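**Q** Data file my_file-v9.txt (compact mmCIF, C-alpha atoms) is appended below.
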# COMPACT_ATOMS: atom_id res chain seq x y z
CA MET O 1297 7.22 10.89 45.93
CA GLU O 1298 3.53 10.28 46.61
CA LEU O 1299 2.60 13.55 44.95
CA LYS O 1300 4.60 12.79 41.82
CA ILE O 1301 2.51 9.79 40.82
CA TYR O 1302 -0.70 11.83 41.04
CA ALA O 1303 0.82 14.57 38.91
CA VAL O 1304 1.96 11.98 36.37
CA LEU O 1305 -1.42 10.21 36.27
CA PHE O 1306 -3.35 13.46 36.01
CA GLY O 1307 -1.06 14.89 33.35
CA MET O 1308 -1.01 11.71 31.30
CA THR O 1309 -4.79 11.50 31.41
CA ILE O 1310 -5.28 15.05 30.19
CA VAL O 1311 -2.76 14.84 27.33
CA THR O 1312 -4.23 11.55 26.23
CA CYS O 1313 -7.92 12.37 26.50
CA LEU O 1314 -7.79 15.73 24.72
CA PRO O 1315 -6.37 14.49 21.40
CA ARG O 1316 -8.79 11.59 21.51
CA ILE O 1317 -11.97 13.45 22.38
CA LEU O 1318 -11.68 16.93 20.87
CA PRO O 1319 -11.47 15.96 17.21
CA LEU O 1320 -14.45 13.63 17.43
CA VAL O 1321 -16.60 16.18 19.19
CA LEU O 1322 -15.50 19.28 17.28
CA LEU O 1323 -14.78 18.08 13.79
CA ALA O 1324 -18.37 17.76 12.80
CA LYS O 1325 -18.43 21.55 12.85
CA MET O 1326 -14.86 22.53 11.96
CA ASP O 1327 -12.61 22.14 8.94
CA ILE O 1328 -8.93 21.35 9.43
CA PRO O 1329 -6.66 23.30 7.06
CA PRO O 1330 -5.51 20.87 4.34
CA LEU O 1331 -1.78 21.39 4.98
CA LEU O 1332 -2.24 20.51 8.64
CA LEU O 1333 -4.23 17.45 7.67
CA THR O 1334 -1.49 16.27 5.33
CA TRP O 1335 1.11 16.83 8.04
CA LEU O 1336 -1.03 14.92 10.52
CA LYS O 1337 -1.31 12.03 8.10
CA TYR O 1338 2.40 11.33 8.46
CA VAL O 1339 2.75 11.88 12.19
CA PRO O 1340 1.68 8.39 13.31
CA ALA O 1341 4.24 6.60 11.13
CA ALA O 1342 6.97 9.08 12.07
CA VAL O 1343 6.31 8.83 15.80
CA LEU O 1344 6.02 5.04 15.78
CA ALA O 1345 9.25 4.67 13.81
CA ALA O 1346 10.97 7.21 16.06
CA LEU O 1347 9.87 5.21 19.10
CA LEU O 1348 10.77 1.85 17.64
CA ALA O 1349 14.24 2.45 16.21
CA PRO O 1350 16.08 3.29 19.46
CA GLU O 1351 14.28 0.45 21.27
CA ILE O 1352 15.73 -2.16 18.97
CA LEU O 1353 18.90 -0.59 17.63
CA ILE O 1354 20.48 1.27 20.55
CA ILE O 1355 22.02 -0.86 23.26
CA ASP O 1356 24.09 0.76 26.04
CA ASN O 1357 24.14 4.04 24.19
CA THR O 1358 25.62 2.57 21.03
CA LEU O 1359 24.09 1.77 17.69
CA SER O 1360 24.06 -1.96 17.10
CA PHE O 1361 22.97 -3.85 14.01
CA SER O 1362 24.87 -6.97 14.96
CA SER O 1363 23.89 -10.43 16.08
CA THR O 1364 24.95 -9.55 19.62
CA ASN O 1365 21.88 -7.34 19.82
CA PRO O 1366 18.95 -9.59 20.81
CA TYR O 1367 16.37 -6.90 20.08
CA PHE O 1368 17.59 -6.54 16.52
CA LEU O 1369 17.51 -10.29 15.99
CA ALA O 1370 14.02 -10.72 17.44
CA ALA O 1371 12.77 -7.79 15.36
CA LEU O 1372 13.56 -9.56 12.09
CA PRO O 1373 10.98 -12.38 12.29
CA CYS O 1374 8.63 -9.95 13.99
CA PHE O 1375 8.70 -7.60 10.98
CA LEU O 1376 8.35 -10.52 8.62
CA ILE O 1377 5.27 -11.93 10.31
CA GLY O 1378 3.91 -8.41 10.69
CA PHE O 1379 4.06 -7.76 6.96
CA LEU O 1380 2.69 -11.19 6.14
CA THR O 1381 -0.24 -11.27 8.58
CA LYS O 1382 -0.88 -7.57 9.37
CA ASN O 1383 -2.22 -8.96 12.62
CA LEU O 1384 -1.15 -7.37 15.90
CA PHE O 1385 -1.56 -10.49 18.00
CA TYR O 1386 0.55 -12.72 15.76
CA THR O 1387 3.18 -10.01 15.42
CA VAL O 1388 3.55 -9.56 19.16
CA PHE O 1389 3.44 -13.29 19.80
CA VAL O 1390 6.13 -14.07 17.23
CA GLY O 1391 8.25 -11.18 18.47
CA MET O 1392 8.14 -12.35 22.06
CA ALA O 1393 8.73 -15.98 21.05
CA ALA O 1394 11.69 -14.91 18.93
CA MET O 1395 13.08 -13.04 21.93
CA VAL O 1396 12.80 -16.13 24.07
CA LEU O 1397 14.64 -18.19 21.45
CA VAL O 1398 17.32 -15.56 21.00
CA ASN O 1399 17.87 -15.38 24.76
CA MET O 1400 18.16 -19.16 24.94
CA GLY O 1401 20.49 -19.39 21.99
CA LEU O 1402 22.96 -16.70 22.98
CA MET N 308 -43.21 1.20 30.79
CA LEU N 309 -41.26 4.33 29.91
CA LEU N 310 -41.59 5.67 26.42
CA CYS N 311 -39.19 8.62 26.50
CA LYS N 312 -38.75 9.24 22.82
CA ASN N 313 -36.29 12.07 23.43
CA ASN N 314 -34.09 9.94 25.62
CA TYR N 315 -31.25 8.47 23.57
CA PHE N 316 -31.65 5.16 25.29
CA SER N 317 -35.23 4.72 24.22
CA THR N 318 -36.89 1.77 25.84
CA GLU N 319 -39.26 0.79 23.05
CA THR N 320 -38.82 -2.94 22.60
CA GLY N 321 -37.57 -2.78 19.03
CA ASP N 322 -34.87 -0.34 19.97
CA ILE N 323 -33.75 -2.50 22.86
CA MET N 324 -33.30 -5.44 20.51
CA GLU N 325 -31.40 -3.26 18.02
CA ASN N 326 -29.19 -1.96 20.80
CA ASN N 327 -28.43 -5.46 22.01
CA LYS N 328 -27.60 -6.62 18.51
CA GLU N 329 -25.25 -3.71 17.95
CA ILE N 330 -23.59 -4.23 21.33
CA ARG N 331 -23.03 -7.89 20.54
CA GLN N 332 -21.51 -7.01 17.20
CA GLY N 333 -19.22 -4.59 18.96
CA LEU N 334 -18.14 -7.26 21.41
CA LYS N 335 -17.46 -9.69 18.57
CA ALA N 336 -15.45 -7.12 16.66
CA ALA N 337 -13.30 -6.61 19.74
CA LEU N 338 -12.00 -10.19 19.67
CA PRO N 339 -8.71 -9.58 17.80
CA VAL N 340 -8.09 -6.51 19.91
CA ILE N 341 -8.51 -8.50 23.11
CA MET N 342 -6.18 -11.21 21.86
CA GLY N 343 -3.49 -8.61 21.36
CA TYR N 344 -4.15 -6.88 24.67
CA VAL N 345 -3.75 -9.90 26.94
CA PRO N 346 -0.04 -10.59 26.32
CA ILE N 347 0.87 -6.92 26.05
CA GLY N 348 -1.16 -6.02 29.13
CA LEU N 349 0.38 -8.79 31.20
CA ALA N 350 3.83 -7.77 30.01
CA PHE N 351 3.16 -4.17 30.96
CA GLY N 352 1.93 -5.10 34.42
CA VAL N 353 5.04 -7.15 35.10
CA MET N 354 7.33 -4.50 33.73
CA ALA N 355 5.56 -1.72 35.61
CA VAL N 356 5.97 -3.23 39.06
CA GLN N 357 9.56 -4.06 38.29
CA ALA N 358 9.99 -0.40 37.32
CA GLY N 359 8.77 0.56 40.77
CA LEU N 360 5.09 1.22 40.25
CA LYS N 361 2.45 -0.19 42.57
CA VAL N 362 -0.53 -2.32 41.54
CA TRP N 363 -3.04 0.44 42.31
CA GLN N 364 -1.02 2.87 40.20
CA VAL N 365 -1.10 0.41 37.32
CA LEU N 366 -4.87 0.11 37.78
CA LEU N 367 -5.40 3.86 37.67
CA MET N 368 -3.12 4.27 34.69
CA SER N 369 -4.96 1.61 32.72
CA LEU N 370 -8.35 3.00 33.72
CA PHE N 371 -7.67 6.65 33.00
CA VAL N 372 -4.91 6.77 30.44
CA TYR N 373 -5.53 3.49 28.63
CA ALA N 374 -2.68 3.71 26.12
CA GLY N 375 -0.30 0.77 25.90
CA SER N 376 2.71 2.37 24.28
CA ALA N 377 2.53 5.47 26.46
CA GLN N 378 2.12 3.35 29.60
CA PHE N 379 5.21 1.32 28.76
CA ILE N 380 7.29 4.38 28.10
CA ALA N 381 5.99 6.14 31.19
CA ALA N 382 6.92 3.16 33.34
CA SER N 383 10.43 3.01 31.99
CA LEU N 384 10.86 6.79 32.37
CA TRP N 385 9.53 6.45 35.92
CA SER N 386 12.13 3.88 36.83
CA ALA N 387 14.83 6.10 35.32
CA GLY N 388 13.75 8.87 37.67
CA ALA N 389 12.48 11.21 34.96
CA SER N 390 10.49 14.25 36.06
CA ALA N 391 6.71 14.32 35.91
CA GLY N 392 6.96 16.96 33.20
CA THR N 393 9.11 14.75 30.99
CA ILE N 394 6.78 11.79 31.41
CA VAL N 395 3.70 13.86 30.60
CA LEU N 396 5.32 15.56 27.61
CA THR N 397 6.51 12.25 26.20
CA THR N 398 3.05 10.77 26.74
CA PHE N 399 1.58 13.67 24.82
CA LEU N 400 3.93 13.09 21.92
CA VAL N 401 3.36 9.38 21.85
CA ASN N 402 -0.41 9.76 22.03
CA SER N 403 -0.77 12.86 19.87
CA ARG N 404 -1.35 10.58 16.89
CA HIS N 405 -4.74 9.79 18.39
CA PHE N 406 -5.78 13.23 17.23
CA LEU N 407 -5.55 11.94 13.72
CA LEU N 408 -7.33 8.71 14.53
CA SER N 409 -10.26 10.57 16.04
CA ALA N 410 -10.28 13.04 13.16
CA SER N 411 -10.59 10.17 10.67
CA LEU N 412 -13.44 8.58 12.63
CA ALA N 413 -15.42 11.81 12.99
CA PRO N 414 -17.08 11.81 9.55
CA TYR N 415 -18.55 8.36 10.23
CA MET N 416 -20.06 9.34 13.53
CA LYS N 417 -22.30 12.23 12.65
CA ASN N 418 -25.27 10.17 13.83
CA ILE N 419 -23.97 10.08 17.39
CA PRO N 420 -24.64 12.81 19.99
CA GLY N 421 -21.75 14.82 21.40
CA LYS N 422 -21.58 13.46 24.93
CA ILE N 423 -21.51 9.87 23.71
CA LEU N 424 -18.85 10.86 21.18
CA ALA N 425 -16.71 12.03 24.07
CA LEU N 426 -17.12 8.67 25.76
CA ILE N 427 -16.25 6.81 22.57
CA GLY N 428 -13.29 9.08 21.92
CA TYR N 429 -11.93 8.60 25.43
CA GLU N 430 -11.58 4.85 24.85
CA THR N 431 -10.21 4.99 21.31
CA THR N 432 -6.83 3.35 20.86
CA ASP N 433 -4.84 2.33 17.79
CA GLU N 434 -6.29 -1.13 17.85
CA THR N 435 -9.93 -0.23 18.49
CA PHE N 436 -9.58 2.53 15.92
CA ALA N 437 -8.49 0.01 13.28
CA VAL N 438 -11.54 -2.13 14.01
CA ALA N 439 -13.87 0.86 14.27
CA ILE N 440 -12.84 2.47 10.99
CA ASN N 441 -13.22 -0.80 9.10
CA ALA N 442 -16.65 -1.39 10.61
CA ALA N 443 -17.71 2.20 9.94
CA LYS N 444 -16.70 1.93 6.30
CA GLU N 445 -18.87 -1.19 5.93
CA ARG N 446 -22.03 0.50 7.14
CA GLU N 447 -23.20 3.07 9.63
CA ARG N 448 -22.95 1.86 13.19
CA THR N 449 -24.74 3.07 16.26
CA ALA N 450 -23.12 4.22 19.46
CA SER N 451 -23.93 0.84 21.02
CA PHE N 452 -21.55 -0.86 18.62
CA TYR N 453 -18.64 1.45 19.38
CA LEU N 454 -19.33 1.43 23.11
CA GLY N 455 -19.45 -2.36 23.12
CA LEU N 456 -16.19 -2.56 21.20
CA ASN N 457 -14.42 -0.02 23.38
CA SER N 458 -15.63 -1.04 26.81
CA VAL N 459 -14.73 -4.71 26.52
CA SER N 460 -11.31 -3.81 25.08
CA HIS N 461 -10.70 -1.36 27.90
CA LEU N 462 -11.83 -3.89 30.48
CA VAL N 463 -9.57 -6.65 29.19
CA TRP N 464 -6.62 -4.27 28.99
CA THR N 465 -7.12 -3.07 32.56
CA LEU N 466 -7.54 -6.61 33.90
CA SER N 467 -4.46 -7.89 32.07
CA THR N 468 -2.26 -5.09 33.36
CA VAL N 469 -3.49 -5.53 36.92
CA ILE N 470 -2.97 -9.29 36.84
CA GLY N 471 0.49 -8.78 35.37
CA ALA N 472 1.26 -6.27 38.10
CA ALA N 473 -0.06 -8.57 40.79
CA VAL N 474 2.21 -11.43 39.79
CA GLY N 475 5.01 -9.27 38.43
CA ASN N 476 7.24 -9.44 41.43
CA LEU N 477 6.87 -13.21 41.60
CA ILE N 478 8.37 -13.67 38.15
CA PRO N 479 12.12 -14.05 38.58
CA SER N 480 13.31 -13.27 35.09
CA PRO N 481 10.72 -11.70 32.79
CA ASP N 482 13.32 -11.42 30.07
CA ASN N 483 13.24 -15.18 29.72
CA LEU N 484 9.61 -14.93 28.71
CA GLY N 485 10.37 -12.34 26.08
CA LEU N 486 8.28 -9.78 27.98
CA ASN N 487 10.86 -7.09 27.38
CA PHE N 488 10.08 -7.38 23.68
CA ALA N 489 6.33 -6.88 24.04
CA LEU N 490 6.56 -3.13 23.55
CA PRO N 491 8.89 -3.11 20.52
CA ALA N 492 6.77 -5.89 19.02
CA MET N 493 3.65 -3.78 19.47
CA PHE N 494 5.35 -0.80 17.83
CA ILE N 495 6.38 -3.01 14.93
CA GLY N 496 2.81 -4.23 14.46
CA LEU N 497 1.34 -0.72 14.70
CA LEU N 498 3.97 0.76 12.39
CA ILE N 499 3.29 -1.86 9.74
CA MET N 500 -0.43 -1.02 9.90
CA GLN N 501 0.42 2.65 9.33
CA VAL N 502 2.78 2.15 6.39
CA GLN N 503 0.32 1.94 3.54
CA SER N 504 2.09 3.96 0.88
CA ARG N 505 5.57 4.56 -0.42
CA ASN N 506 5.55 8.04 1.08
CA THR N 507 4.74 6.69 4.53
CA ALA N 508 7.50 4.10 4.23
CA VAL N 509 9.98 6.87 3.39
CA ILE N 510 8.77 8.92 6.35
CA ALA N 511 9.13 5.93 8.66
CA ILE N 512 12.71 5.27 7.56
CA LEU N 513 13.70 8.93 7.81
CA ALA N 514 12.08 9.28 11.22
CA ALA N 515 13.87 6.16 12.44
CA GLY N 516 17.19 7.52 11.25
CA LEU N 517 16.71 10.97 12.74
CA SER N 518 15.45 9.48 15.99
CA LEU N 519 18.55 7.30 16.28
CA PHE N 520 20.80 10.24 15.54
CA CYS N 521 19.11 12.46 18.10
CA LYS N 522 18.93 9.74 20.72
CA LEU N 523 22.68 9.34 20.65
CA LEU N 524 23.24 13.07 21.01
CA LEU N 525 20.39 14.44 23.10
CA PRO N 526 19.00 13.39 26.46
CA GLY N 527 15.44 12.28 27.21
CA SER N 528 12.79 12.01 24.55
CA TRP N 529 13.91 14.86 22.31
CA ASN N 530 14.53 12.33 19.58
CA ILE N 531 10.82 11.55 19.44
CA ILE N 532 9.75 15.19 19.57
CA ILE N 533 12.17 16.21 16.82
CA ALA N 534 11.63 13.24 14.53
CA GLY N 535 7.89 13.17 15.14
CA THR N 536 7.33 16.81 14.22
CA CYS N 537 9.99 17.44 11.57
CA ILE N 538 9.86 14.33 9.42
CA PRO N 539 6.12 14.60 8.64
CA VAL N 540 7.01 17.92 6.99
CA VAL N 541 8.96 15.85 4.46
CA GLY N 542 5.72 14.02 3.76
CA VAL N 543 3.98 17.31 3.01
CA VAL N 544 6.83 18.31 0.71
CA LEU N 545 6.75 14.96 -1.08
CA GLU N 546 3.04 15.35 -1.73
CA LYS N 547 3.50 18.91 -2.99
CA TRP N 548 6.22 17.75 -5.37
CA SER N 549 4.24 14.86 -6.76
CA SER N 550 1.11 16.97 -7.22
CA ARG N 551 3.16 19.59 -9.09
CA TYR N 552 4.62 16.83 -11.23
CA THR N 553 1.23 15.46 -12.19
CA GLN N 554 -0.06 18.98 -12.83
CA SER N 555 2.79 19.90 -15.17
CA SER N 556 2.69 16.60 -17.03
CA SER N 557 -1.00 17.04 -17.73
CA ALA N 558 -0.53 20.66 -18.84
Using structure tokens, write down the structure that the file contains.

**A**
Amino acid sequence: MELKIYAVLFGMTIVTCLPRILPLVLLAKMDIPPLLLTWLKYVPAAVLAALLAPEILIIDNTLSFSSTNPYFLAALPCFLIGFLTKNLFYTVFVGMAAMVLVNMGL
Amino acid sequence: MLLCKNNYFSTETGDIMENNKEIRQGLKAALPVIMGYVPIGLAFGVMAVQAGLKVWQVLLMSLFVYAGSAQFIAASLWSAGASAGTIVLTTFLVNSRHFLLSASLAPYMKNIPGKILALIGYETTDETFAVAINAAKERERTASFYLGLNSVSHLVWTLSTVIGAAVGNLIPSPDNLGLNFALPAMFIGLLIMQVQSRNTAVIAILAAGLSLFCKLLLPGSWNIIIAGTCIPVVGVVLEKWSSRYTQSSSA
């Protein structure tokens, strides 16, 4: 058990640092093939959407778009404020506040 | 009085003042980032200890990994008993997008020496990237700016997570504070920042759909791996189609 946390921390550090550092340091000298660059352009949106959707739409292993799903409800004002303000702080704040209200109301 | 002209941190008085000014501008630019980090960091700290992590583990994670979304996911995988390999692989997938962030910053940082670039890169996150790229597009910045921006953001993140972890077990019901929505809310904010074209919006919707489908059928984080690698291919195809369309209509 003790060993596992060190393996996790070490592994996470490596896989996080390499994508962050290598491009900055190397790309001054190297050209990324255009196809790869185009593919890379869409990865952030795809990964973020792939992460987000199950978080808010899958409850207890079932897909739920209904008002019994607090995450879905809280996500609605969160998206709205996100699009309106494009500000991370306001988005997170409104999302968490909406969650509080939804939990109180249900 | 040292006048080491070859030393990057030259100590000629004018340079010191320039450095200080750039550092201060970096600190100021970090303000919106810090405002976002405090609630998310606190939420993570609370959630992490409730997932079974210790305060010192939270500290190390925030110091060395420094990636909010990955830290959240790692903590929840940890409490579900996932293997170290799964956690690390998922972290890689979640953070692989930073490759693109760094790649887009690189052209603006040709004035900065390699070792300092590594230091800047290490502390680049979605939020500091957004600030950095905007600042870089305005005018060329020195390393002091980016280091100022990154170090204060990293410091505030680490402190927030540790404080959250320290009080986490004292909070009876974090759900009542909406803390369980901090991570989805962050994803929502980050996703919105990424969706800047119709193509990206299409990719986001397709990836969401595929991810949901896979999540219901496959265990672990395969949904992220599959959606995150396959759907961007659709983006490439879309661009190829539209470029062929504009080529043939101008022929």

**Q** To one decimal place in Å, what is the distance between atom CA of O:Tyr1367 and atom CA of O:Val1304?

**A** 28.8 Å

**Q** With only C-alpha atoms as the counted atoms, please give the residues lying no more than 7 Å from N:Thr468, apart from itself and same-chain residues fewer than 2 positions off, as JSON, numbers by chain.

**A** {"N": [348, 349, 351, 352, 365, 464, 465, 466, 470, 471, 472]}

**Q** In Å, with one decimal, what is the gap from atom CA of N:Gly496 to atom CA of N:Phe406?

**A**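 If I compute the distance from atom CA of N:Gly496 to atom CA of N:Phe406, I get 19.7 Å.
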
**Q** Within 6 Å of chain N, which residues of chain O are there when counting only C-alpha atoms? Please give them as a tab-separated table (two decimals) with C-alpha atoms, in the frame of the given file.

**A**
chain	number	residue	atom	x	y	z
O	1304	VAL	CA	1.96	11.98	36.37
O	1307	GLY	CA	-1.06	14.89	33.35
O	1308	MET	CA	-1.01	11.71	31.30
O	1309	THR	CA	-4.79	11.50	31.41
O	1311	VAL	CA	-2.76	14.84	27.33
O	1312	THR	CA	-4.23	11.55	26.23
O	1313	CYS	CA	-7.92	12.37	26.50
O	1315	PRO	CA	-6.37	14.49	21.40
O	1316	ARG	CA	-8.79	11.59	21.51
O	1317	ILE	CA	-11.97	13.45	22.38
O	1319	PRO	CA	-11.47	15.96	17.21
O	1320	LEU	CA	-14.45	13.63	17.43
O	1321	VAL	CA	-16.60	16.18	19.19
O	1335	TRP	CA	1.11	16.83	8.04
O	1338	TYR	CA	2.40	11.33	8.46
O	1339	VAL	CA	2.75	11.88	12.19
O	1340	PRO	CA	1.68	8.39	13.31
O	1341	ALA	CA	4.24	6.60	11.13
O	1342	ALA	CA	6.97	9.08	12.07
O	1343	VAL	CA	6.31	8.83	15.80
O	1344	LEU	CA	6.02	5.04	15.78
O	1345	ALA	CA	9.25	4.67	13.81
O	1346	ALA	CA	10.97	7.21	16.06
O	1349	ALA	CA	14.24	2.45	16.21
O	1350	PRO	CA	16.08	3.29	19.46
O	1378	GLY	CA	3.91	-8.41	10.69
O	1384	LEU	CA	-1.15	-7.37	15.90
O	1385	PHE	CA	-1.56	-10.49	18.00
O	1387	THR	CA	3.18	-10.01	15.42
O	1388	VAL	CA	3.55	-9.56	19.16
O	1391	GLY	CA	8.25	-11.18	18.47
O	1392	MET	CA	8.14	-12.35	22.06
O	1395	MET	CA	13.08	-13.04	21.93
O	1396	VAL	CA	12.80	-16.13	24.07

**Q** Write out as a list in words which residues come within 8 Å of O:Asn1365 when counting all atoms listed in the file, dropping same-chain ones fewer than 4 positions away.

**A**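 The neighbour list is Leu1353, Ile1355, Ser1360, Phe1361 and Leu1369 of chain O.
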
**Q** One number please: atom CA of N:Ala439 to atom CA of N:Leu456, in Å, one decimal.

**A** 8.1 Å

**Q** Which of these, O:Ile1354, O:Leu1331, O:Ala1394, O:Leu1347, has the shortest distance to O:Ala1370 once you count only C-alpha atoms?

**A** O:Ala1394
